[in-house]
$ cat work.pdb   # PDB, C-alpha atoms
ATOM      1  CA  MET A   1       5.446  -8.790   2.678
ATOM      2  CA  PRO A   2       6.272 -12.130   4.338
ATOM      3  CA  ASP A   3       5.441 -14.385   1.369
ATOM      4  CA  VAL A   4       7.112 -12.204  -1.284
ATOM      5  CA  GLN A   5      10.473 -13.941  -1.609
ATOM      6  CA  ILE A   6      13.500 -11.702  -2.308
ATOM      7  CA  THR A   7      16.896 -13.326  -2.912
ATOM      8  CA  ALA A   8      20.230 -11.786  -3.907
ATOM      9  CA  GLY A   9      21.273 -12.005  -7.540
ATOM     10  CA  GLU A  10      24.084 -10.027  -9.141
ATOM     11  CA  PRO A  11      25.368  -7.016  -7.149
ATOM     12  CA  GLY A  12      22.512  -4.530  -6.787
ATOM     13  CA  SER A  13      20.048  -7.012  -8.267
ATOM     14  CA  TRP A  14      17.399  -8.999  -6.412
ATOM     15  CA  ASP A  15      15.265 -11.878  -7.636
ATOM     16  CA  VAL A  16      11.643 -11.556  -6.531
ATOM     17  CA  SER A  17       8.893 -14.163  -6.461
ATOM     18  CA  LEU A  18       5.430 -12.575  -6.673
ATOM     19  CA  PRO A  19       2.679 -14.945  -5.419
ATOM     20  CA  GLU A  20      -0.636 -15.160  -7.258
ATOM     21  CA  ARG A  21      -2.458 -14.511  -3.982
ATOM     22  CA  TRP A  22      -1.528 -10.822  -4.425
ATOM     23  CA  ASN A  23      -3.260 -10.562  -7.789
ATOM     24  CA  VAL A  24      -5.807  -7.867  -8.550
ATOM     25  CA  GLY A  25      -7.575  -9.476 -11.476
ATOM     26  CA  ARG A  26      -4.702 -10.603 -13.709
ATOM     27  CA  HIS A  27      -2.181  -8.150 -12.268
ATOM     28  CA  GLN A  28      -0.152  -7.751  -9.088
ATOM     29  CA  ASN A  29      -1.116  -5.352  -6.305
ATOM     30  CA  GLY A  30       0.857  -2.103  -6.530
ATOM     31  CA  GLY A  31       1.674  -2.016  -2.816
ATOM     32  CA  ILE A  32       3.248  -5.467  -3.057
ATOM     33  CA  LEU A  33       5.464  -4.298  -5.921
ATOM     34  CA  LEU A  34       6.491  -1.274  -3.849
ATOM     35  CA  ALA A  35       7.200  -3.469  -0.808
ATOM     36  CA  ALA A  36       9.408  -5.757  -2.943
ATOM     37  CA  ALA A  37      11.382  -2.828  -4.374
ATOM     38  CA  THR A  38      11.654  -1.311  -0.893
ATOM     39  CA  GLY A  39      13.158  -4.529   0.454
ATOM     40  CA  GLY A  40      15.718  -4.729  -2.348
ATOM     41  CA  LEU A  41      16.843  -1.116  -2.026
ATOM     42  CA  ALA A  42      17.032  -1.311   1.792
ATOM     43  CA  ALA A  43      19.284  -4.370   1.542
ATOM     44  CA  THR A  44      21.463  -2.754  -1.118
ATOM     45  CA  ALA A  45      21.860   0.428   0.952
ATOM     46  CA  GLY A  46      22.465  -1.503   4.181
ATOM     47  CA  MET A  47      19.759   0.507   5.949
ATOM     48  CA  PRO A  48      16.920  -1.355   7.689
ATOM     49  CA  HIS A  49      13.938   0.960   7.325
ATOM     50  CA  PRO A  50      12.312   3.097   4.652
ATOM     51  CA  PHE A  51      11.779   6.736   5.639
ATOM     52  CA  THR A  52      10.036   7.664   2.400
ATOM     53  CA  VAL A  53       9.387   5.763  -0.831
ATOM     54  CA  THR A  54       7.638   6.906  -3.999
ATOM     55  CA  ALA A  55       6.675   4.594  -6.853
ATOM     56  CA  HIS A  56       5.552   5.393 -10.392
ATOM     57  CA  TYR A  57       3.732   2.557 -12.121
ATOM     58  CA  LEU A  58       4.689   2.156 -15.765
ATOM     59  CA  ARG A  59       3.141  -1.166 -16.781
ATOM     60  CA  ALA A  60       1.229  -4.010 -15.165
ATOM     61  CA  ALA A  61       3.151  -6.825 -13.457
ATOM     62  CA  THR A  62       1.878 -10.376 -13.064
ATOM     63  CA  ALA A  63       2.447 -13.194 -10.597
ATOM     64  CA  GLY A  64       5.745 -15.024 -11.079
ATOM     65  CA  GLN A  65       9.391 -14.019 -11.194
ATOM     66  CA  ALA A  66      10.607 -10.436 -11.345
ATOM     67  CA  THR A  67      13.850  -8.567 -10.764
ATOM     68  CA  VAL A  68      14.581  -5.500  -8.647
ATOM     69  CA  ARG A  69      17.606  -3.465  -9.741
ATOM     70  CA  ALA A  70      18.665  -1.145  -6.922
ATOM     71  CA  THR A  71      21.085   1.779  -7.119
ATOM     72  CA  VAL A  72      22.335   3.807  -4.143
ATOM     73  CA  ILE A  73      22.664   7.457  -5.136
ATOM     74  CA  ARG A  74      23.948   8.775  -1.829
ATOM     75  CA  LEU A  75      25.057   6.879   1.266
ATOM     76  CA  GLY A  76      25.270   9.095   4.346
ATOM     77  CA  ARG A  77      25.903   8.421   8.005
ATOM     78  CA  THR A  78      22.234   8.367   9.019
ATOM     79  CA  ALA A  79      20.367   8.024   5.727
ATOM     80  CA  ALA A  80      20.773   6.616   2.232
ATOM     81  CA  THR A  81      18.896   7.568  -0.923
ATOM     82  CA  GLY A  82      18.543   5.453  -4.033
ATOM     83  CA  THR A  83      16.333   4.207  -6.825
ATOM     84  CA  ALA A  84      14.932   0.799  -7.690
ATOM     85  CA  GLU A  85      13.412  -0.588 -10.865
ATOM     86  CA  LEU A  86      11.134  -3.608 -10.816
ATOM     87  CA  CYS A  87      11.383  -5.470 -14.125
ATOM     88  CA  GLN A  88       9.618  -8.511 -15.494
ATOM     89  CA  ASP A  89      10.259 -10.313 -18.785
ATOM     90  CA  GLY A  90      12.888  -7.699 -19.651
ATOM     91  CA  THR A  91      10.466  -4.765 -19.257
ATOM     92  CA  GLU A  92      10.457  -2.160 -16.497
ATOM     93  CA  ARG A  93       7.131  -2.238 -14.643
ATOM     94  CA  MET A  94       7.673   0.180 -11.774
ATOM     95  CA  ARG A  95      10.305   2.705 -10.733
ATOM     96  CA  MET A  96      10.752   4.055  -7.223
ATOM     97  CA  ILE A  97      12.963   6.453  -5.323
ATOM     98  CA  GLY A  98      13.434   6.198  -1.585
ATOM     99  CA  THR A  99      15.400   7.313   1.438
ATOM    100  CA  PHE A 100      16.280   4.778   4.141
ATOM    101  CA  GLY A 101      17.754   4.756   7.619
ATOM    102  CA  ASP A 102      17.298   3.266  11.087
ATOM    103  CA  LEU A 103      14.001   4.280  12.681
ATOM    104  CA  ALA A 104      14.817   2.483  15.933
ATOM    105  CA  ALA A 105      18.037   4.471  16.353
ATOM    106  CA  ARG A 106      16.131   7.725  15.848
ATOM    107  CA  HIS A 107      13.350   6.894  18.313
ATOM    108  CA  GLY A 108      13.089   9.630  20.949
ATOM    109  CA  ALA A 109      15.612  11.910  19.236
ATOM    110  CA  GLY A 110      14.849  15.644  19.080
ATOM    111  CA  PRO A 111      11.547  17.446  19.704
ATOM    112  CA  SER A 112       8.276  15.608  19.248
ATOM    113  CA  VAL A 113       4.867  16.678  17.902
ATOM    114  CA  GLN A 114       2.504  13.710  17.905
ATOM    115  CA  ALA A 115      -0.589  13.148  15.786
ATOM    116  CA  THR A 116      -3.666  11.939  17.644
ATOM    117  CA  ALA A 117      -5.139   8.596  16.603
ATOM    118  CA  PRO A 118      -8.795   8.738  15.550
ATOM    119  CA  PRO A 119     -11.259   7.659  18.255
ATOM    120  CA  ILE A 120     -12.381   4.294  16.862
ATOM    121  CA  CYS A 121     -13.729   1.399  18.890
ATOM    122  CA  GLY A 122     -11.682  -1.805  18.855
ATOM    123  CA  PRO A 123     -11.749  -4.260  15.914
ATOM    124  CA  ASP A 124     -14.247  -6.536  17.688
ATOM    125  CA  GLY A 125     -16.723  -3.660  17.886
ATOM    126  CA  CYS A 126     -16.372  -2.710  14.231
ATOM    127  CA  VAL A 127     -18.088  -3.974  11.072
ATOM    128  CA  ASP A 128     -16.469  -6.273   8.525
ATOM    129  CA  LEU A 129     -15.933  -4.099   5.435
ATOM    130  CA  PHE A 130     -16.378  -7.099   3.138
ATOM    131  CA  ASP A 131     -19.968  -7.499   4.366
ATOM    132  CA  LEU A 132     -20.621  -3.943   3.166
ATOM    133  CA  LEU A 133     -18.856  -4.400  -0.176
ATOM    134  CA  VAL A 134     -20.909  -7.412  -1.228
ATOM    135  CA  GLN A 135     -24.052  -5.283  -1.115
ATOM    136  CA  SER A 136     -23.154  -3.599  -4.429
ATOM    137  CA  PRO A 137     -22.081  -5.175  -7.763
ATOM    138  CA  SER A 138     -19.037  -2.927  -8.021
ATOM    139  CA  GLY A 139     -18.115  -3.717  -4.422
ATOM    140  CA  GLN A 140     -18.331  -7.457  -5.055
ATOM    141  CA  ARG A 141     -15.850  -7.138  -7.926
ATOM    142  CA  THR A 142     -13.473  -5.344  -5.569
ATOM    143  CA  LEU A 143     -13.047  -8.456  -3.410
ATOM    144  CA  THR A 144      -9.922  -9.622  -5.225
ATOM    145  CA  ARG A 145      -7.352 -12.199  -4.206
ATOM    146  CA  SER A 146      -5.117  -9.365  -3.001
ATOM    147  CA  LEU A 147      -7.766  -7.720  -0.819
ATOM    148  CA  ARG A 148      -8.742 -11.029   0.771
ATOM    149  CA  ASN A 149      -5.284 -11.251   2.362
ATOM    150  CA  PHE A 150      -6.423  -8.570   4.790
ATOM    151  CA  ALA A 151      -9.087  -8.292   7.458
ATOM    152  CA  ILE A 152     -10.613  -4.799   7.447
ATOM    153  CA  ARG A 153     -13.034  -3.596  10.109
ATOM    154  CA  VAL A 154     -14.724  -0.182   9.881
ATOM    155  CA  ASP A 155     -16.264   2.080  12.482
ATOM    156  CA  PRO A 156     -19.970   1.129  12.705
ATOM    157  CA  ALA A 157     -21.038   4.794  12.883
ATOM    158  CA  HIS A 158     -19.219   6.524  10.018
ATOM    159  CA  GLY A 159     -16.440   4.164   8.994
ATOM    160  CA  TRP A 160     -17.315   3.711   5.316
ATOM    161  CA  GLY A 161     -18.854   6.589   3.389
ATOM    162  CA  PRO A 162     -18.728  10.381   3.439
ATOM    163  CA  ASP A 163     -16.899  12.048   6.337
ATOM    164  CA  LYS A 164     -18.090  15.248   8.013
ATOM    165  CA  HIS A 165     -16.813  17.235   5.031
ATOM    166  CA  GLY A 166     -18.571  14.997   2.511
ATOM    167  CA  HIS A 167     -15.364  13.323   1.311
ATOM    168  CA  PRO A 168     -15.376   9.564   0.613
ATOM    169  CA  ALA A 169     -13.594   8.020   3.603
ATOM    170  CA  LEU A 170     -12.702   4.892   5.549
ATOM    171  CA  SER A 171     -12.076   4.754   9.279
ATOM    172  CA  GLY A 172     -11.292   1.483  11.018
ATOM    173  CA  TRP A 173      -8.713  -1.295  11.402
ATOM    174  CA  ILE A 174      -6.648  -3.518   9.109
ATOM    175  CA  ARG A 175      -4.511  -6.599   9.651
ATOM    176  CA  LEU A 176      -2.790  -9.172   7.472
ATOM    177  CA  HIS A 177      -4.152 -12.699   7.810
ATOM    178  CA  GLY A 178      -1.660 -15.131   9.305
ATOM    179  CA  GLU A 179       0.694 -12.493  10.749
ATOM    180  CA  GLU A 180       0.917 -11.414  14.373
ATOM    181  CA  THR A 181       3.230  -8.440  13.905
ATOM    182  CA  VAL A 182       3.856  -5.703  11.330
ATOM    183  CA  SER A 183       7.331  -4.592  10.263
ATOM    184  CA  ALA A 184       8.183  -1.150   8.917
ATOM    185  CA  GLY A 185       8.909  -2.684   5.511
ATOM    186  CA  MET A 186       5.393  -4.146   5.328
ATOM    187  CA  LEU A 187       3.713  -0.747   5.617
ATOM    188  CA  ALA A 188       4.010  -0.086   1.866
ATOM    189  CA  GLY A 189       1.830  -3.129   1.265
ATOM    190  CA  PHE A 190      -0.703  -1.998   3.868
ATOM    191  CA  ALA A 191      -0.870   1.457   2.263
ATOM    192  CA  ASP A 192      -2.316  -0.122  -0.886
ATOM    193  CA  GLY A 193      -4.345  -2.779   0.887
ATOM    194  CA  PHE A 194      -7.709  -1.005   0.851
ATOM    195  CA  PRO A 195     -10.488  -0.703  -1.717
ATOM    196  CA  PRO A 196     -10.792   2.834  -3.148
ATOM    197  CA  THR A 197     -12.679   5.060  -0.701
ATOM    198  CA  LEU A 198     -14.494   6.581  -3.689
ATOM    199  CA  LEU A 199     -16.258   3.228  -4.012
ATOM    200  CA  SER A 200     -18.242   4.055  -0.856
ATOM    201  CA  GLN A 201     -20.228   6.664  -2.798
ATOM    202  CA  THR A 202     -20.313   5.494  -6.411
ATOM    203  CA  ASP A 203     -19.738   2.472  -8.637
ATOM    204  CA  LEU A 204     -16.399   2.613 -10.391
ATOM    205  CA  GLY A 205     -14.742   1.387 -13.544
ATOM    206  CA  TRP A 206     -10.988   0.912 -13.719
ATOM    207  CA  LEU A 207      -8.876   2.927 -11.253
ATOM    208  CA  PRO A 208      -5.158   2.305 -11.937
ATOM    209  CA  THR A 209      -2.601   3.913  -9.630
ATOM    210  CA  LEU A 210      -0.182   6.307 -11.295
ATOM    211  CA  GLU A 211       1.918   7.150  -8.225
ATOM    212  CA  LEU A 212       2.075   6.014  -4.588
ATOM    213  CA  THR A 213       4.111   7.667  -1.818
ATOM    214  CA  VAL A 214       4.560   6.240   1.684
ATOM    215  CA  HIS A 215       6.204   8.040   4.623
ATOM    216  CA  VAL A 216       7.227   5.640   7.394
ATOM    217  CA  LEU A 217       7.495   7.467  10.714
ATOM    218  CA  ALA A 218       8.013   4.690  13.268
ATOM    219  CA  VAL A 219       8.387   0.943  13.684
ATOM    220  CA  PRO A 220       5.020  -0.573  14.715
ATOM    221  CA  VAL A 221       4.925  -2.162  18.160
ATOM    222  CA  ALA A 222       5.742  -5.866  18.079
ATOM    223  CA  ASP A 223       3.227  -8.702  18.384
ATOM    224  CA  GLU A 224       0.212  -6.517  17.572
ATOM    225  CA  PRO A 225      -1.314  -7.385  14.167
ATOM    226  CA  TRP A 226      -3.966  -4.649  13.946
ATOM    227  CA  LEU A 227      -3.298  -1.173  12.551
ATOM    228  CA  ARG A 228      -5.752   1.695  12.971
ATOM    229  CA  ALA A 229      -6.479   3.304   9.593
ATOM    230  CA  GLN A 230      -8.015   6.480   8.274
ATOM    231  CA  LEU A 231      -8.291   7.261   4.534
ATOM    232  CA  ARG A 232     -10.105   9.837   2.451
ATOM    233  CA  THR A 233     -10.451  11.041  -1.126
ATOM    234  CA  ARG A 234     -10.268  14.831  -1.140
ATOM    235  CA  THR A 235     -10.295  15.554  -4.877
ATOM    236  CA  VAL A 236     -11.676  13.991  -8.052
ATOM    237  CA  THR A 237     -11.103  16.173 -11.097
ATOM    238  CA  GLY A 238     -10.464  15.560 -14.770
ATOM    239  CA  GLY A 239     -10.457  11.820 -14.166
ATOM    240  CA  LEU A 240      -7.679  12.107 -11.559
ATOM    241  CA  VAL A 241      -8.353  10.804  -8.040
ATOM    242  CA  ASP A 242      -6.147  11.578  -5.052
ATOM    243  CA  GLU A 243      -6.443   9.556  -1.863
ATOM    244  CA  ASP A 244      -4.446   9.903   1.329
ATOM    245  CA  GLY A 245      -4.351   8.024   4.591
ATOM    246  CA  GLU A 246      -2.662   7.313   7.908
ATOM    247  CA  LEU A 247      -1.827   4.166   9.834
ATOM    248  CA  TRP A 248      -1.439   3.966  13.635
ATOM    249  CA  ASP A 249      -0.192   0.937  15.521
ATOM    250  CA  ALA A 250      -2.012  -0.661  18.459
ATOM    251  CA  SER A 251      -0.307   1.697  20.935
ATOM    252  CA  GLY A 252      -1.750   4.758  19.162
ATOM    253  CA  GLN A 253       1.570   5.705  17.535
ATOM    254  CA  LEU A 254       1.379   7.125  13.993
ATOM    255  CA  VAL A 255       3.562   4.789  11.913
ATOM    256  CA  ALA A 256       2.866   5.821   8.306
ATOM    257  CA  ARG A 257       1.267   8.396   6.050
ATOM    258  CA  PHE A 258       0.574   7.706   2.398
ATOM    259  CA  ARG A 259      -0.938   9.287  -0.699
ATOM    260  CA  GLN A 260      -1.641   8.037  -4.170
ATOM    261  CA  LEU A 261      -2.852   9.475  -7.449
ATOM    262  CA  ALA A 262      -5.049   7.271  -9.626
ATOM    263  CA  LEU A 263      -6.654   7.600 -13.038
ATOM    264  CA  LEU A 264     -10.399   7.006 -13.211
ATOM    265  CA  LEU A 265     -11.259   5.096 -16.373
ATOM    266  CA  ASP A 266     -14.553   3.723 -17.615
ATOM    267  CA  GLY A 267     -15.036   0.226 -18.918
ATOM    268  CA  ALA A 268     -12.679  -2.726 -18.977
ATOM    269  CA  PRO A 269      -9.345  -3.033 -17.158
ATOM    270  CA  ALA A 270      -6.201  -1.869 -18.900
ATOM    271  CA  LYS A 271      -4.571  -4.277 -21.326
ATOM    272  CA  PRO A 272      -1.161  -5.756 -20.432
ATOM    273  CA  GLY A 273       1.619  -3.261 -21.021
ATOM    274  CA  ARG A 274      -0.421  -0.185 -20.054
ATOM    275  CA  PRO A 275       0.019   1.698 -16.736
ATOM    276  CA  ASP A 276      -1.736  -0.269 -14.035
ATOM    277  CA  SER A 277      -1.576  -0.996 -10.334
ATOM    278  CA  SER A 278      -3.874  -2.213  -7.633
ATOM    279  CA  ARG A 279      -6.792   0.184  -7.492
ATOM    280  CA  GLN A 280      -9.140  -1.814  -9.668
ATOM    281  CA  ALA A 281     -12.869  -1.464  -9.071
ATOM    282  CA  ASP A 282     -13.953  -3.482 -12.098
ATOM    283  CA  ARG A 283     -12.228  -6.705 -11.061
ATOM    284  CA  SER A 284     -14.095  -9.302 -13.073
ATOM    285  CA  HIS A 285     -11.037 -11.274 -14.191
ATOM    286  CA  GLU A 286     -10.601 -13.286 -10.997
TER     287      GLU A 286
END
$ encode --input "work.pdb" --output "structure tokens"
Amino acid sequence: MPDVQITAGEPGSWDVSLPERWNVGRHQNGGILLAAATGGLAATAGMPHPFTVTAHYLRAATAGQATVRATVIRLGRTAATGTAELCQDGTERMRMIGTFGDLAARHGAGPSVQATAPPICGPDGCVDLFDLLVQSPSGQRTLTRSLRNFAIRVDPAHGWGPDKHGHPALSGWIRLHGEETVSAGMLAGFADGFPPTLLSQTDLGWLPTLELTVHVLAVPVADEPWLRAQLRTRTVTGGLVDEDGELWDASGQLVARFRQLALLLDGAPAKPGRPDSSRQADRSHE
């Protein structure tokens, strides 16, 4: 993301500054950690865009300095695959694997089967999601520093709540405050920029992310800050919650798909050193 500073250190190592504005309670948003690792591995591989990135969250990270250690496993002509570890205070916090290339160079190549963007009215005709969240105690606690970096507007008809199949869902628009365009590298942060859709139907305790995968399919059109979004939770079983979603740019082009698996816990947030990411519903430590 634009304010997450990444500077070169030793070969394959990148120094990262994580701003407090991306905190969820006491901890950093998981999408921001993934975006930082994505930037370090892309630079190490010499490839501009992520095609697919998957992160496993091992321990909580906090605002401040961190290090990304990137390793290229295979460097091909059109794609490179590698791993990245985000460490803080000498401890690994997140590990990711990703494949990178040049989305712009691949634009228009080969056959095309396009997904259709959901029929949602424009952002000005939608409802501010934050106005809906403040109506419940659990929703109020969800309005963390991290979430407040975004503007989220939902379809006034069925944008926040059960979809036609009864699944918890969100349908609407998202943008990052202060930015007028979205890069492909920022999409990992957007993929974890929403409150849990399960919150639309029930109050929640702690919901730490275990794994987050983002597929980046195209570079968003320039100078258009809004992305159309659709998310849903299909399964909640044994305390495991899966949520998937899509992002379309302002032209109606599908730019990313993402899925994450979270662990539904009761009670207080996880203590430092335990697996933790951004999907906190009990966010009382602001």
$ atom_distance --input "work.pdb" --atom1 "CA of Arg74 in chain A" --atom2 "CA of Gly98 in chain A"
10.8 Å
$ resolve_selection --input "work.pdb" --expression "the PyMOL selection byres ((chain A and resi 260) around 10)" --output "list in words"
Thr54, Ala55, His56, Ala191, Asp192, Thr209, Leu210, Glu211, Leu212, Thr213, Val214, Thr233, Val241, Asp242, Glu243, Asp244, Gly245, Phe258, Arg259, Leu261, Ala262 and Arg279 of chain A
$ residues_around --input "work.pdb" --residues "range 248-253 of chain A" --least-positions-apart "5" --cutoff "7 Å" --atoms "all atoms listed in the file" --output "CSV table (one decimal) with C-alpha atoms, keeping the file's coordinate frame"
chain,number,residue,atom,x,y,z
A,117,ALA,CA,-5.1,8.6,16.6
A,220,PRO,CA,5.0,-0.6,14.7
A,221,VAL,CA,4.9,-2.2,18.2
A,224,GLU,CA,0.2,-6.5,17.6
A,226,TRP,CA,-4.0,-4.6,13.9
A,227,LEU,CA,-3.3,-1.2,12.6
A,228,ARG,CA,-5.8,1.7,13.0
A,229,ALA,CA,-6.5,3.3,9.6
$ closest_residue --input "work.pdb" --among "A:Arg148, A:His49, A:Arg175, A:His165" --to "Arg232 in chain A" --atoms "all atoms listed in the file"
A:His165
$ atom_distance --input "work.pdb" --atom1 "CA of Leu86 in chain A" --atom2 "CA of Arg69 in chain A"
6.6 Å
$ build_atoms --input "work.pdb" --residues "range 112-129 of chain A" --atoms "N, CA and C atoms" --output "CSV table (one decimal), in the coordinates of the input"
chain,number,residue,atom,x,y,z
A,112,SER,N,9.3,16.5,19.7
A,112,SER,CA,8.3,15.6,19.2
A,112,SER,C,6.9,16.3,19.2
A,113,VAL,N,6.2,16.2,18.0
A,113,VAL,CA,4.9,16.7,17.9
A,113,VAL,C,4.1,15.5,17.4
A,114,GLN,N,3.2,15.0,18.2
A,114,GLN,CA,2.5,13.7,17.9
A,114,GLN,C,1.1,13.9,17.3
A,115,ALA,N,0.8,13.2,16.3
A,115,ALA,CA,-0.6,13.1,15.8
A,115,ALA,C,-1.5,12.3,16.7
A,116,THR,N,-2.7,12.7,16.8
A,116,THR,CA,-3.7,11.9,17.6
A,116,THR,C,-4.4,10.9,16.8
A,117,ALA,N,-4.4,9.7,17.3
A,117,ALA,CA,-5.1,8.6,16.6
A,117,ALA,C,-6.6,8.9,16.6
A,118,PRO,N,-7.3,8.5,15.6
A,118,PRO,CA,-8.8,8.7,15.6
A,118,PRO,C,-9.5,7.9,16.6
A,119,PRO,N,-10.6,8.4,17.2
A,119,PRO,CA,-11.3,7.7,18.3
A,119,PRO,C,-12.2,6.6,17.7
A,120,ILE,N,-11.6,5.4,17.5
A,120,ILE,CA,-12.4,4.3,16.9
A,120,ILE,C,-12.5,3.2,17.9
A,121,CYS,N,-13.6,2.5,18.0
A,121,CYS,CA,-13.7,1.4,18.9
A,121,CYS,C,-12.8,0.3,18.4
A,122,GLY,N,-12.6,-0.7,19.2
A,122,GLY,CA,-11.7,-1.8,18.9
A,122,GLY,C,-12.2,-2.6,17.7
A,123,PRO,N,-11.3,-3.5,17.1
A,123,PRO,CA,-11.7,-4.3,15.9
A,123,PRO,C,-13.0,-5.1,16.2
A,124,ASP,N,-13.1,-5.7,17.4
A,124,ASP,CA,-14.2,-6.5,17.7
A,124,ASP,C,-15.6,-5.8,17.7
A,125,GLY,N,-15.5,-4.5,17.9
A,125,GLY,CA,-16.7,-3.7,17.9
A,125,GLY,C,-17.0,-3.0,16.5
A,126,CYS,N,-16.2,-3.3,15.5
A,126,CYS,CA,-16.4,-2.7,14.2
A,126,CYS,C,-17.0,-3.7,13.3
A,127,VAL,N,-17.4,-3.2,12.1
A,127,VAL,CA,-18.1,-4.0,11.1
A,127,VAL,C,-17.1,-4.5,10.0
A,128,ASP,N,-17.3,-5.7,9.6
A,128,ASP,CA,-16.5,-6.3,8.5
A,128,ASP,C,-16.8,-5.5,7.2
A,129,LEU,N,-15.7,-4.9,6.7
A,129,LEU,CA,-15.9,-4.1,5.4
A,129,LEU,C,-16.4,-5.0,4.3
